[in-house]
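Inspection log for the structure reproduced underneath, given as structure tokens.
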Amino acid sequence: MDKSILNYEDLLEMLDHFLREPKEFWENFYMDRNKEIPFFKVKGPDENLVEYFKKGLAPKRVLELGCGPGRNAVYMAKQGCKVDALDIAENAIEWAKERAMEEEVDINFHYLSLFDFDFKLHSYDFIYDCGLFHHLAPHRRLTYLEIIKKALKKDGYFGIVCFNTDGALGTSDWEVYKECSLKRGIGYTEKRLKEVFANDFKIINFRKMKKITQPDDLFGEDFLWVSLMKRF
């Protein structure tokens, strides 16, 4: 591609070309539903998400980022939430729609990137991300944060599930571009992850996800961080 860099978006698009094309990767990832992927085998929601609701989180309108097969979107819809759920992979959205039909819940699924999602400003009480952020290129991180801040209501909540470094995934931002690869995803130390959100969110809860032995009604793996935050 021979294109001049004339604005910030041009710069982001240029940096995108150093890394894998996400749509193709995730379409292939979700093509085989029988793969030995931990969350492929579980229909139920994340253990931390259930904890948040049991402790009083009661959003009316929710946005889920990278919804995958729809485990968490289905759960939140069952709690009475109006849910918009996004994923860049059509294969994931089709799987999620099937599960929503099986559970007889109404969810607004959107087959597109977060960066292409058209939303009403400050319209969501809760935004939940289980697994998108740690697959996000570092140069897209600032835009990701701006979208969340614009989409959330004042005092709205944000929940995240993200790789920690227990799985030896502690790739630095600089290494991503030196090696032109996100590898299996970016693992964050507690300090590094908190730094990303510290200026805009109050951290209510931060811990490792609880390991849930399968089969079970909930999902949980201890190589993940979980955090609930509140927008300033």
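Each chain in the structure tokens gets a letter, A, B, ..., in the order shown, and its residues are numbered from 1; ligands are numbered from 1 in order too.
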
What are the nearest atom pairs, with distances in Å to one decimal, for all residues of segment 65-85 of chain A that come at most 8 Å from segment 123-143 of chain A, using only C-alpha atoms, set out by chain and rising residue number as a Markdown table?
```
| residue | atom | partner | partner_atom | distance |
| --- | --- | --- | --- | --- |
| A:Leu65 | CA | A:Asp129 | CA | 4.9 |
| A:Gly66 | CA | A:Leu132 | CA | 5.4 |
| A:Cys67 | CA | A:Cys130 | CA | 7.4 |
```

Write the selection just made, keeping all heavy atoms, as a compact mmCIF listing (two decimals), in the first residue's frame?
```
# COMPACT_ATOMS: atom_id res chain seq x y z
N LEU A 65 -18.08 -6.39 24.41
CA LEU A 65 -17.06 -6.30 23.36
C LEU A 65 -16.43 -7.67 23.14
O LEU A 65 -15.97 -8.30 24.09
CB LEU A 65 -15.97 -5.30 23.78
CG LEU A 65 -16.45 -3.96 24.31
CD1 LEU A 65 -15.26 -3.10 24.72
CD2 LEU A 65 -17.31 -3.25 23.28
N GLY A 66 -16.39 -8.13 21.89
CA GLY A 66 -15.82 -9.44 21.59
C GLY A 66 -16.62 -10.55 22.25
O GLY A 66 -16.10 -11.32 23.05
N CYS A 67 -17.89 -10.64 21.91
CA CYS A 67 -18.81 -11.54 22.62
C CYS A 67 -18.57 -13.01 22.35
O CYS A 67 -19.04 -13.86 23.11
CB CYS A 67 -20.25 -11.18 22.30
SG CYS A 67 -20.74 -11.53 20.58
```

Write out as an MDAnalysis selection string the residues lying within 9 Å of segment 223-229 of chain A, counting only C-alpha atoms and excluding same-chain residues fewer than 6 positions away.
chainID A and resid 48 52 130 156:167 187:188 190 197 201:211

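Checking A:Ala100, A:Asp106, A:Lys153, A:Phe25 one by one against Lys120 of chain A, counting only C-alpha atoms, you find the shortest gap at A:Lys153.
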
Considering only C-alpha atoms, return as a PyMOL selection string whatever protein or nucleic-acid residues lie within 12 Å of Phe53 of chain A, sequence-local ones (same chain, fewer than 2 positions apart) excluded.
chain A and resi 45-51+55-60+72+75-76+78-81+126+157+159+228

DSSP helix (DSSP H, G or I) residues within segment 77-146 of chain A, as a ChimeraX atom specification:
/A:77-78,90-103,114-116,133-135,138-146

Enumerate, as a list in words, the complete set of residues in segment 33-79 of chain A that a backbone-based DSSP assignment places in strand (DSSP E or B).
Asp46, Arg61, Val62, Leu63, Glu64 and Leu65 of chain A

May I ask which of the residues A:Ile147, A:Ile186, A:Phe117, A:Asp155 is the closest one to Gly170 of chain A, counting only C-alpha atoms?
A:Ile186

Straight-line distance linking atom CA of Phe39 of chain A with atom CA of Ala198 of chain A, stated in Å to one decimal
28.9 Å

For the atom pair atom CA of Asp217 of chain A and atom CA of Val42 of chain A, what is the interatomic distance in Å to one decimal place?
7.3 Å

Determine the nearest neighbour of Leu145 of chain A from the options A:Arg184, A:Arg99, A:Arg231, A:Lys23, counting only C-alpha atoms.
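Going through A:Arg184, A:Arg99, A:Arg231, A:Lys23 one by one, the smallest distance to Leu145 of chain A is for A:Arg231.
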
Rounded to one decimal place, report the atom CA of Lys194 of chain A-atom CA of Lys43 of chain A distance in Å.
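Going from atom CA of Lys194 of chain A over to atom CA of Lys43 of chain A covers 29.4 Å.
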
For each of A:Val74, A:Leu6, A:Leu86, A:Ala151, take the minimum atom-to-atom distance to Glu98 of chain A, counting only C-alpha atoms, then give the residue where this is smallest.
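Among A:Val74, A:Leu6, A:Leu86, A:Ala151, it is A:Val74 that comes nearest to Glu98 of chain A.
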